[in-house]
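What's in structure.cif: mmCIF, C-alpha atoms
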```cif
data_model
#
loop_
_atom_site.group_PDB
_atom_site.id
_atom_site.type_symbol
_atom_site.label_atom_id
_atom_site.label_comp_id
_atom_site.auth_asym_id
_atom_site.auth_seq_id
_atom_site.Cartn_x
_atom_site.Cartn_y
_atom_site.Cartn_z
ATOM 1 C CA MET K 16 96.540 106.757 87.530
ATOM 2 C CA ASN K 17 96.043 107.194 83.826
ATOM 3 C CA SER K 18 92.576 105.693 83.331
ATOM 4 C CA ASN K 19 89.953 108.136 82.114
ATOM 5 C CA PRO K 20 87.210 109.244 84.441
ATOM 6 C CA HIS K 21 83.959 107.869 83.097
ATOM 7 C CA HIS K 22 80.585 109.521 83.468
ATOM 8 C CA THR K 23 77.487 107.367 83.446
ATOM 9 C CA GLN K 24 74.430 108.656 81.676
ATOM 10 C CA SER K 25 72.200 108.609 84.738
ATOM 11 C CA GLU K 26 72.627 111.969 86.471
ATOM 12 C CA PRO K 27 71.364 111.187 89.990
ATOM 13 C CA HIS K 28 74.435 109.137 90.807
ATOM 14 C CA ALA K 29 77.963 110.184 91.527
ATOM 15 C CA GLU K 30 80.318 109.886 88.594
ATOM 16 C CA VAL K 31 82.070 106.549 88.273
ATOM 17 C CA HIS K 32 85.798 106.229 88.049
ATOM 18 C CA ILE K 33 86.834 103.059 86.260
ATOM 19 C CA VAL K 34 90.168 101.659 87.353
ATOM 20 C CA SER K 35 91.866 99.955 84.407
ATOM 21 C CA TYR K 36 92.838 96.257 84.404
ATOM 22 C CA LYS K 37 96.446 97.319 84.046
ATOM 23 C CA ASP K 38 96.321 99.425 87.204
ATOM 24 C CA HIS K 39 94.820 96.532 89.151
ATOM 25 C CA ALA K 40 97.539 94.228 87.832
ATOM 26 C CA SER K 41 100.310 96.630 88.884
ATOM 27 C CA THR K 42 98.693 97.029 92.300
ATOM 28 C CA PHE K 43 98.783 93.245 92.611
ATOM 29 C CA LEU K 44 102.443 93.129 91.591
ATOM 30 C CA GLY K 45 103.277 95.790 94.167
ATOM 31 C CA LEU K 46 101.516 93.787 96.866
ATOM 32 C CA ILE K 47 103.433 90.643 95.885
ATOM 33 C CA LEU K 48 106.718 92.565 96.080
ATOM 34 C CA LEU K 49 105.841 93.792 99.572
ATOM 35 C CA THR K 50 104.970 90.214 100.584
ATOM 36 C CA ILE K 51 108.339 88.964 99.324
ATOM 37 C CA MET K 52 109.962 91.819 101.228
ATOM 38 C CA THR K 53 108.288 90.949 104.531
ATOM 39 C CA VAL K 54 109.189 87.252 104.190
ATOM 40 C CA THR K 55 112.784 88.152 103.352
ATOM 41 C CA VAL K 56 113.096 90.512 106.299
ATOM 42 C CA SER K 57 111.808 87.793 108.584
ATOM 43 C CA VAL K 58 114.076 85.080 107.228
ATOM 44 C CA PHE K 59 117.302 87.082 106.998
ATOM 45 C CA GLY K 60 116.757 89.699 109.694
ATOM 46 C CA ALA K 61 117.296 87.303 112.582
ATOM 47 C CA ASP K 62 119.298 89.743 114.709
ATOM 48 C CA LEU K 63 116.909 92.654 114.309
ATOM 49 C CA TYR K 64 114.827 91.293 117.196
ATOM 50 C CA THR K 65 112.194 93.975 117.897
ATOM 51 C CA LEU K 66 112.848 95.785 114.644
ATOM 52 C CA THR K 67 111.446 92.867 112.647
ATOM 53 C CA VAL K 68 108.069 93.141 114.381
ATOM 54 C CA LEU K 69 107.942 96.814 113.531
ATOM 55 C CA THR K 70 109.116 96.313 109.946
ATOM 56 C CA ALA K 71 106.633 93.449 109.497
ATOM 57 C CA LEU K 72 103.817 95.660 110.787
ATOM 58 C CA ALA K 73 104.989 98.606 108.701
ATOM 59 C CA ILE K 74 105.035 96.488 105.529
ATOM 60 C CA ALA K 75 101.653 94.953 106.395
ATOM 61 C CA SER K 76 100.238 98.439 106.883
ATOM 62 C CA ALA K 77 101.698 99.580 103.575
ATOM 63 C CA LYS K 78 99.931 96.632 101.924
ATOM 64 C CA ALA K 79 96.700 97.451 103.739
ATOM 65 C CA VAL K 80 96.843 101.061 102.549
ATOM 66 C CA VAL K 81 97.419 99.944 98.951
ATOM 67 C CA VAL K 82 94.485 97.509 99.120
ATOM 68 C CA ALA K 83 92.206 100.128 100.673
ATOM 69 C CA LEU K 84 93.156 102.920 98.258
ATOM 70 C CA TYR K 85 93.212 101.010 94.980
ATOM 71 C CA PHE K 86 91.315 97.719 95.303
ATOM 72 C CA MET K 87 88.684 99.183 97.612
ATOM 73 C CA HIS K 88 88.480 102.359 95.477
ATOM 74 C CA LEU K 89 88.919 104.679 98.453
ATOM 75 C CA LYS K 90 91.165 106.891 96.358
ATOM 76 C CA TYR K 91 88.408 107.615 93.829
ATOM 77 C CA ASP K 92 85.321 107.414 96.024
ATOM 78 C CA PRO K 93 83.734 110.318 97.918
ATOM 79 C CA LYS K 94 86.039 111.436 100.727
ATOM 80 C CA ILE K 95 83.450 110.652 103.394
ATOM 81 C CA TYR K 96 84.414 106.949 103.439
ATOM 82 C CA LYS K 97 88.051 107.803 103.975
ATOM 83 C CA ALA K 98 87.130 110.154 106.800
ATOM 84 C CA MET K 99 84.950 107.511 108.468
ATOM 85 C CA LEU K 100 87.699 104.905 108.181
ATOM 86 C CA GLY K 101 90.111 107.420 109.699
ATOM 87 C CA VAL K 102 87.847 107.873 112.717
ATOM 88 C CA VAL K 103 87.585 104.111 113.220
ATOM 89 C CA LEU K 104 91.348 103.659 112.931
ATOM 90 C CA LEU K 105 91.863 106.481 115.423
ATOM 91 C CA LEU K 106 89.468 104.712 117.781
ATOM 92 C CA PHE K 107 91.449 101.509 117.403
ATOM 93 C CA ILE K 108 94.728 103.328 118.059
ATOM 94 C CA VAL K 109 93.177 104.705 121.270
ATOM 95 C CA PHE K 110 92.309 101.122 122.263
ATOM 96 C CA VAL K 111 95.881 100.037 121.556
ATOM 97 C CA ILE K 112 97.361 102.869 123.601
ATOM 98 C CA LEU K 113 94.998 102.299 126.533
ATOM 99 C CA THR K 114 95.740 98.559 126.494
ATOM 100 C CA LEU K 115 99.481 99.238 126.363
ATOM 101 C CA ILE K 116 99.277 101.662 129.281
ATOM 102 C CA ASP K 117 97.291 99.116 131.259
ATOM 103 C CA TYR K 118 99.790 96.384 130.446
ATOM 104 C CA LEU K 119 102.907 98.457 131.193
ATOM 105 C CA ILE K 120 101.723 100.086 134.426
ATOM 106 C CA ARG K 121 100.011 97.103 136.041
ATOM 107 C CA MET L 1 60.645 84.474 96.841
ATOM 108 C CA ASN L 2 60.073 85.151 93.164
ATOM 109 C CA MET L 3 57.791 88.046 93.909
ATOM 110 C CA ASN L 4 60.716 90.030 95.235
ATOM 111 C CA THR L 5 62.803 89.657 92.121
ATOM 112 C CA THR L 6 60.049 90.462 89.651
ATOM 113 C CA PHE L 7 58.715 93.443 91.554
ATOM 114 C CA VAL L 8 59.573 96.669 89.737
ATOM 115 C CA LEU L 9 59.392 100.042 91.403
ATOM 116 C CA PRO L 10 57.319 102.648 89.534
ATOM 117 C CA ASN L 11 60.274 105.016 89.403
ATOM 118 C CA SER L 12 62.809 102.253 89.044
ATOM 119 C CA GLY L 13 66.321 103.457 88.431
ATOM 120 C CA HIS L 14 66.009 106.602 90.490
ATOM 121 C CA ASN L 15 64.978 105.122 93.777
ATOM 122 C CA ARG L 16 68.471 104.323 94.893
ATOM 123 C CA ASP L 17 71.388 105.880 96.670
ATOM 124 C CA ASP L 18 74.769 104.418 95.795
ATOM 125 C CA VAL L 19 76.732 106.556 98.244
ATOM 126 C CA SER L 20 74.610 105.463 101.201
ATOM 127 C CA SER L 21 74.621 101.870 100.035
ATOM 128 C CA LYS L 22 78.382 101.797 100.101
ATOM 129 C CA MET L 23 78.460 103.712 103.371
ATOM 130 C CA GLY L 24 76.327 101.006 104.956
ATOM 131 C CA MET L 25 78.803 98.402 103.767
ATOM 132 C CA TRP L 26 81.699 100.383 105.186
ATOM 133 C CA LEU L 27 79.923 100.717 108.542
ATOM 134 C CA PHE L 28 79.567 96.947 108.605
ATOM 135 C CA LEU L 29 83.235 96.525 107.694
ATOM 136 C CA PHE L 30 84.153 98.777 110.643
ATOM 137 C CA THR L 31 82.462 96.342 113.033
ATOM 138 C CA GLU L 32 84.506 93.562 111.438
ATOM 139 C CA LEU L 33 87.694 95.592 111.811
ATOM 140 C CA LEU L 34 87.005 96.141 115.498
ATOM 141 C CA LEU L 35 86.132 92.466 115.991
ATOM 142 C CA PHE L 36 89.528 91.426 114.670
ATOM 143 C CA GLY L 37 91.106 94.497 116.253
ATOM 144 C CA GLY L 38 90.145 93.207 119.696
ATOM 145 C CA LEU L 39 91.767 89.870 118.907
ATOM 146 C CA PHE L 40 94.915 91.626 117.729
ATOM 147 C CA LEU L 41 95.011 93.460 121.068
ATOM 148 C CA VAL L 42 94.894 90.126 122.914
ATOM 149 C CA TYR L 43 97.651 88.882 120.639
ATOM 150 C CA MET L 44 99.759 92.003 121.260
ATOM 151 C CA VAL L 45 99.632 91.758 125.038
ATOM 152 C CA TYR L 46 100.422 88.044 125.171
ATOM 153 C CA ARG L 47 103.163 88.338 122.625
ATOM 154 C CA PHE L 48 104.827 90.922 124.894
ATOM 155 C CA LYS L 49 104.306 88.688 127.870
ATOM 156 C CA TYR L 50 105.361 85.370 126.315
ATOM 157 C CA HIS L 51 107.748 86.532 123.627
ATOM 158 C CA GLU L 52 110.018 83.484 123.741
ATOM 159 C CA ALA L 53 107.120 81.022 123.818
ATOM 160 C CA PHE L 54 105.466 82.681 120.806
ATOM 161 C CA LEU L 55 108.753 82.575 118.918
ATOM 162 C CA HIS L 56 109.218 78.922 119.791
ATOM 163 C CA ALA L 57 105.633 77.916 118.978
ATOM 164 C CA HIS L 58 105.611 79.639 115.598
ATOM 165 C CA TYR L 59 108.261 77.222 114.273
ATOM 166 C CA ASP L 60 105.455 74.640 114.112
ATOM 167 C CA LEU L 61 103.771 76.753 111.428
ATOM 168 C CA ASN L 62 104.826 76.392 107.818
ATOM 169 C CA VAL L 63 105.727 79.705 106.153
ATOM 170 C CA TRP L 64 104.989 78.178 102.753
ATOM 171 C CA PHE L 65 101.361 77.437 103.545
ATOM 172 C CA GLY L 66 100.915 80.973 104.839
ATOM 173 C CA GLY L 67 102.898 82.511 101.985
ATOM 174 C CA VAL L 68 101.069 80.706 99.201
ATOM 175 C CA ASN L 69 97.735 81.551 100.810
ATOM 176 C CA THR L 70 98.790 85.202 100.933
ATOM 177 C CA ILE L 71 99.432 85.161 97.191
ATOM 178 C CA VAL L 72 96.133 83.343 96.547
ATOM 179 C CA LEU L 73 94.197 85.967 98.507
ATOM 180 C CA LEU L 74 96.021 88.899 96.898
ATOM 181 C CA ALA L 75 95.331 87.449 93.448
ATOM 182 C CA SER L 76 91.666 86.907 94.280
ATOM 183 C CA SER L 77 91.462 90.474 95.528
ATOM 184 C CA MET L 78 92.766 91.607 92.164
ATOM 185 C CA THR L 79 90.271 89.479 90.218
ATOM 186 C CA VAL L 80 87.309 90.783 92.222
ATOM 187 C CA ALA L 81 88.523 94.353 91.664
ATOM 188 C CA MET L 82 88.891 93.613 87.944
ATOM 189 C CA SER L 83 85.411 92.112 87.938
ATOM 190 C CA ILE L 84 84.047 95.531 88.937
ATOM 191 C CA THR L 85 86.080 97.153 86.165
ATOM 192 C CA ALA L 86 84.647 94.641 83.684
ATOM 193 C CA MET L 87 81.100 95.327 84.866
ATOM 194 C CA GLN L 88 81.609 99.092 84.587
ATOM 195 C CA LYS L 89 82.855 98.601 81.053
ATOM 196 C CA GLY L 90 79.824 96.457 80.262
ATOM 197 C CA ASN L 91 81.707 93.205 79.847
ATOM 198 C CA ILE L 92 79.263 91.077 81.837
ATOM 199 C CA LYS L 93 80.717 87.727 80.873
ATOM 200 C CA LEU L 94 84.259 88.673 81.895
ATOM 201 C CA SER L 95 82.915 90.151 85.104
ATOM 202 C CA LYS L 96 81.226 86.871 86.009
ATOM 203 C CA ASN L 97 84.251 84.792 85.029
ATOM 204 C CA LEU L 98 86.488 86.926 87.230
ATOM 205 C CA LEU L 99 84.070 86.383 90.107
ATOM 206 C CA TRP L 100 84.253 82.629 89.490
ATOM 207 C CA ILE L 101 88.051 82.814 89.605
ATOM 208 C CA THR L 102 87.753 84.638 92.917
ATOM 209 C CA ILE L 103 85.454 81.952 94.307
ATOM 210 C CA ILE L 104 87.795 79.209 93.085
ATOM 211 C CA SER L 105 90.660 81.068 94.805
ATOM 212 C CA ALA L 106 88.618 81.000 98.009
ATOM 213 C CA GLY L 107 88.359 77.231 97.513
ATOM 214 C CA ILE L 108 92.120 76.930 96.987
ATOM 215 C CA PHE L 109 92.703 78.980 100.126
ATOM 216 C CA MET L 110 90.421 76.691 102.129
ATOM 217 C CA VAL L 111 92.068 73.526 100.754
ATOM 218 C CA ILE L 112 95.538 74.781 101.736
ATOM 219 C CA LYS L 113 94.175 75.866 105.105
ATOM 220 C CA SER L 114 92.649 72.461 105.755
ATOM 221 C CA ILE L 115 95.884 70.655 104.807
ATOM 222 C CA GLU L 116 97.685 72.964 107.205
ATOM 223 C CA TRP L 117 95.170 72.455 109.991
ATOM 224 C CA SER L 118 95.036 68.687 109.605
ATOM 225 C CA SER L 119 98.814 68.489 110.055
ATOM 226 C CA LYS L 120 98.311 70.412 113.311
ATOM 227 C CA PHE L 121 95.603 67.943 114.308
ATOM 228 C CA GLU L 122 97.978 65.066 113.569
ATOM 229 C CA HIS L 123 100.484 66.634 115.936
ATOM 230 C CA ALA L 124 97.669 67.036 118.476
ATOM 231 C CA LEU L 125 98.219 70.795 118.678
ATOM 232 C CA PHE L 126 94.546 71.789 118.666
ATOM 233 C CA PRO L 127 93.414 73.175 122.040
ATOM 234 C CA GLY L 128 92.423 70.260 124.264
ATOM 235 C CA MET L 129 94.501 67.642 122.434
ATOM 236 C CA SER L 130 97.314 65.688 124.103
ATOM 237 C CA HIS L 131 100.344 67.598 122.780
ATOM 238 C CA PHE L 132 98.648 70.948 123.307
ATOM 239 C CA ASN L 133 97.962 70.082 126.954
ATOM 240 C CA GLU L 134 101.663 69.395 127.577
ATOM 241 C CA LEU L 135 102.716 72.840 126.343
ATOM 242 C CA GLY L 136 103.500 75.833 128.540
ATOM 243 C CA ASN L 137 101.075 78.731 128.921
ATOM 244 C CA GLY L 138 102.718 80.875 126.250
ATOM 245 C CA GLU L 139 102.656 78.170 123.571
ATOM 246 C CA ARG L 140 99.090 77.294 124.455
ATOM 247 C CA LEU L 141 98.053 80.909 124.039
ATOM 248 C CA PHE L 142 99.828 81.064 120.715
ATOM 249 C CA PHE L 143 98.007 78.025 119.350
ATOM 250 C CA PHE L 144 94.720 79.097 120.846
ATOM 251 C CA LEU L 145 95.002 82.485 119.154
ATOM 252 C CA TYR L 146 96.270 80.883 115.954
ATOM 253 C CA PHE L 147 93.303 78.530 115.669
ATOM 254 C CA PHE L 148 90.778 81.118 116.765
ATOM 255 C CA MET L 149 91.979 83.963 114.544
ATOM 256 C CA THR L 150 92.744 81.963 111.411
ATOM 257 C CA GLY L 151 89.543 79.988 112.005
ATOM 258 C CA LEU L 152 87.459 83.128 112.265
ATOM 259 C CA HIS L 153 89.210 84.426 109.173
ATOM 260 C CA ALA L 154 88.507 81.165 107.304
ATOM 261 C CA LEU L 155 84.852 81.561 108.237
ATOM 262 C CA HIS L 156 84.969 84.992 106.610
ATOM 263 C CA VAL L 157 86.517 83.459 103.490
ATOM 264 C CA ILE L 158 83.564 81.058 103.241
ATOM 265 C CA VAL L 159 81.029 83.827 103.851
ATOM 266 C CA GLY L 160 82.776 86.010 101.271
ATOM 267 C CA ALA L 161 82.700 83.248 98.647
ATOM 268 C CA VAL L 162 78.985 82.601 99.275
ATOM 269 C CA LEU L 163 78.305 86.334 99.048
ATOM 270 C CA LEU L 164 80.050 86.450 95.666
ATOM 271 C CA LEU L 165 77.883 83.509 94.525
ATOM 272 C CA PHE L 166 74.848 85.636 95.338
ATOM 273 C CA VAL L 167 76.405 88.486 93.344
ATOM 274 C CA ILE L 168 76.768 86.161 90.332
ATOM 275 C CA ARG L 169 73.120 85.171 90.730
ATOM 276 C CA ALA L 170 72.162 88.846 90.860
ATOM 277 C CA ILE L 171 74.121 89.459 87.648
ATOM 278 C CA ASN L 172 72.302 86.558 85.992
ATOM 279 C CA GLN L 173 68.981 88.001 87.090
ATOM 280 C CA LYS L 174 70.001 91.440 85.728
ATOM 281 C CA ARG L 175 69.758 92.963 89.181
ATOM 282 C CA VAL L 176 73.412 93.925 88.825
ATOM 283 C CA THR L 177 74.123 95.742 85.558
ATOM 284 C CA GLN L 178 76.663 98.066 84.000
ATOM 285 C CA ASP L 179 74.761 101.031 85.421
ATOM 286 C CA ARG L 180 73.791 99.465 88.733
ATOM 287 C CA PHE L 181 76.593 97.516 90.337
ATOM 288 C CA MET L 182 76.558 98.492 94.011
ATOM 289 C CA PHE L 183 75.906 94.902 95.119
ATOM 290 C CA LEU L 184 78.970 93.786 93.184
ATOM 291 C CA GLU L 185 81.059 96.613 94.670
ATOM 292 C CA ASN L 186 79.914 95.861 98.215
ATOM 293 C CA GLY L 187 80.582 92.150 97.743
ATOM 294 C CA GLY L 188 84.030 93.108 96.498
ATOM 295 C CA LEU L 189 84.582 95.340 99.537
ATOM 296 C CA TYR L 190 83.814 92.396 101.807
ATOM 297 C CA TRP L 191 86.278 90.240 99.920
ATOM 298 C CA HIS L 192 88.989 92.894 100.231
ATOM 299 C CA LEU L 193 88.368 93.004 103.980
ATOM 300 C CA VAL L 194 89.075 89.270 104.128
ATOM 301 C CA ASP L 195 92.323 90.000 102.295
ATOM 302 C CA LEU L 196 93.162 92.922 104.605
ATOM 303 C CA ILE L 197 92.837 90.802 107.733
ATOM 304 C CA TRP L 198 95.060 88.096 106.270
ATOM 305 C CA ILE L 199 97.682 90.740 105.438
ATOM 306 C CA TYR L 200 98.118 91.205 109.196
ATOM 307 C CA LEU L 201 97.578 87.589 110.262
ATOM 308 C CA PHE L 202 100.330 86.307 107.978
ATOM 309 C CA PRO L 203 103.334 88.211 109.417
ATOM 310 C CA LEU L 204 102.031 88.037 112.992
ATOM 311 C CA PHE L 205 101.715 84.255 113.074
ATOM 312 C CA TYR L 206 104.082 82.905 110.432
ATOM 313 C CA LEU L 207 106.929 85.426 110.485
ATOM 314 C CA ILE L 208 107.808 85.899 114.158
ATOM 315 C CA HIS L 209 111.366 86.713 115.106
#
```
Translate the structure of the given file into structure tokens.
Amino acid sequence: MNSNPHHTQSEPHAEVHIVSYKDHASTFLGLILLTIMTVTVSVFGADLYTLTVLTALAIASAKAVVVALYFMHLKYDPKIYKAMLGVVLLLFIVFVILTLIDYLIR
Amino acid sequence: MNMNTTFVLPNSGHNRDDVSSKMGMWLFLFTELLLFGGLFLVYMVYRFKYHEAFLHAHYDLNVWFGGVNTIVLLASSMTVAMSITAMQKGNIKLSKNLLWITIISAGIFMVIKSIEWSSKFEHALFPGMSHFNELGNGERLFFFLYFFMTGLHALHVIVGAVLLLFVIRAINQKRVTQDRFMFLENGGLYWHLVDLIWIYLFPLFYLIH
């Protein structure tokens, strides 16, 4: 992104990266496009049966990543938050897999 | 009450830790993610089990209500993010106005949601009502999950809006400033979480095929 990194005068704090209004607006536009995409896939993709669930989830996840990286500043913040989120998501994926195994084998 | 806001630390301005403050907020958001995550697991299993019933039941939902609410939430997410930008640039007034727009968006979301829900009530589709009781197990589960998950989400919308009101108050009281905006950022993070959850709720309930 092309916004300048900005350093606050107070040294004890991590430097602040200001995301420009323009970047936020383009992020929003991207999210709207993805929303239109997911609605379109659902309305016109009638014969894609299971594929539509996967595409819907894939598009939703793409939107979630965009929100997390840009709106939630994860891209510019210290990496520790990203790492922690990764651990939690991994934990959730383990839950999903265990639940699926339980459901399929029972 | 007032004592708290007028109390000034001797070394005010240094006695803070922005990284930890945000980390605490993220830890809280993780508990929220897992709360909804558990519900999504329930949804996943029953959608496998009652695929046809879920498909059939979802035709009672209106894609337009869900779609417009998606756009409202995405827009409000943008305004709260811009509000932080404005605060960092020292434009306090714009920052507050953007927060107000976000709160109004929360109101719009809730109005649309209540119109949507009341049409379900009219059709007696709420768990326990006459039409609901006549449905098969799969449809019942769908509507139960629909009301529970969107209801819990709506509760988060209300909490998020109230939290942002407190942020505006903090800005007015100069507790949130250009150089000290962690409360604003954390309030924004909560609002984005509300948006994130809706991003998944929308396709899973309104766009089934």
Problem - Two-atom distance - CA of Ser76 (chain L), CA of Ala83 (chain K) (Å) - result: 14.7 Å
Practice task
Write out as a ChimeraX atom specification each polymer residue whose atoms come within 12 Å of Phe86 (chain K), counting all atoms listed in the file; drop sequence neighbours fewer than 3 positions from it.
Solution key: /K:33-36,38-43,46,78-83,89-92 /L:74-85,185-186,188-193,195-196
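Between CA of Ala106 (chain L) and CA of Leu155 (chain L) there is a distance of 10.9 Å.
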Practice task
Using all atoms listed in the file, find the one residue out of K:Ile116, K:Leu100, K:Ile108, K:Ala71 that sits nearest to Ile51 (chain K).
Solution key: K:Ala71
Exercise for the section: List, as a list in words, every residue that the PyMOL selection byres ((chain L and resi 43-55) around 6) selects in the file provided. Expected result: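 Matching residues under the PyMOL selection byres ((chain L and resi 43-55) around 6) are Phe40, Leu41, Val42, His56, Ala57, His58, Gly138, Glu139, Phe142 and Ile208 of chain L.
Of the listed residues (L:Met110, L:Val167, L:Ala86, L:Ile92), L:Met110 comes nearest to Val72 (chain L); the distances count only C-alpha atoms.
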Practice task
Go ahead and compute the interatomic distance for CA of Met99 (chain K) and CA of Ser20 (chain L), in Å to one decimal.
Solution key: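 So the two atoms, CA of Met99 (chain K) and CA of Ser20 (chain L), lie 12.8 Å apart.
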Exercise for the section: Check the smallest atom-to-atom distance from each of L:Gly107, L:Gly128, L:Gly66, L:Pro203 to Leu72 (chain K) using all atoms listed in the file, then report the winner. Expected result: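 Using all atoms listed in the file, the shortest distance to Leu72 (chain K) belongs to L:Pro203.
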Handout entry: Which residue of K:Val111, K:Ala73, K:Ala98, K:Met52 approaches chain L most closely, using all atoms listed in the file
Key =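 Among the listed residues, K:Val111 lies closest to chain L.
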Could you give me the centre and size, in Å to one decimal, of an axis-aligned box around all listed atoms of region 168-171 of chain L with 4 Å added on every side, as AutoDock Vina command-line options?
```
--center_x 74.5 --center_y 87.3 --center_z 89.3 --size_x 12.6 --size_y 12.3 --size_z 11.2
```
Exercise for the section: Starting from the displayed file, determine the output of the PyMOL selection byres ((chain L and resi 117) around 12) and express the residue list as a list in words. Expected result: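 With the PyMOL selection byres ((chain L and resi 117) around 12) on this model, the match is Asp60, Leu61, Asn62, Phe65, Gly66, Met110, Val111, Ile112, Lys113, Ser114, Ile115, Glu116, Ser118, Ser119, Lys120, Phe121, Glu122, His123, Ala124, Leu125, Phe126, Phe143, Tyr146, Phe147, Phe148, Thr150, Gly151 and Ala154 of chain L.
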Handout entry: Residues matched by the PyMOL selection byres ((chain L and resi 26-34) around 9) as a list of chain:residue names
Key =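 Expected selection for the PyMOL selection byres ((chain L and resi 26-34) around 9) here is K:Tyr96, K:Met99, K:Leu100, K:Val103, K:Leu104, K:Phe107, L:Ser21, L:Lys22, L:Met23, L:Gly24, L:Met25, L:Leu35, L:Phe36, L:Gly37, L:Gly38, L:Leu39, L:Asn186, L:Leu189, L:Tyr190, L:Leu193, L:Ile197.
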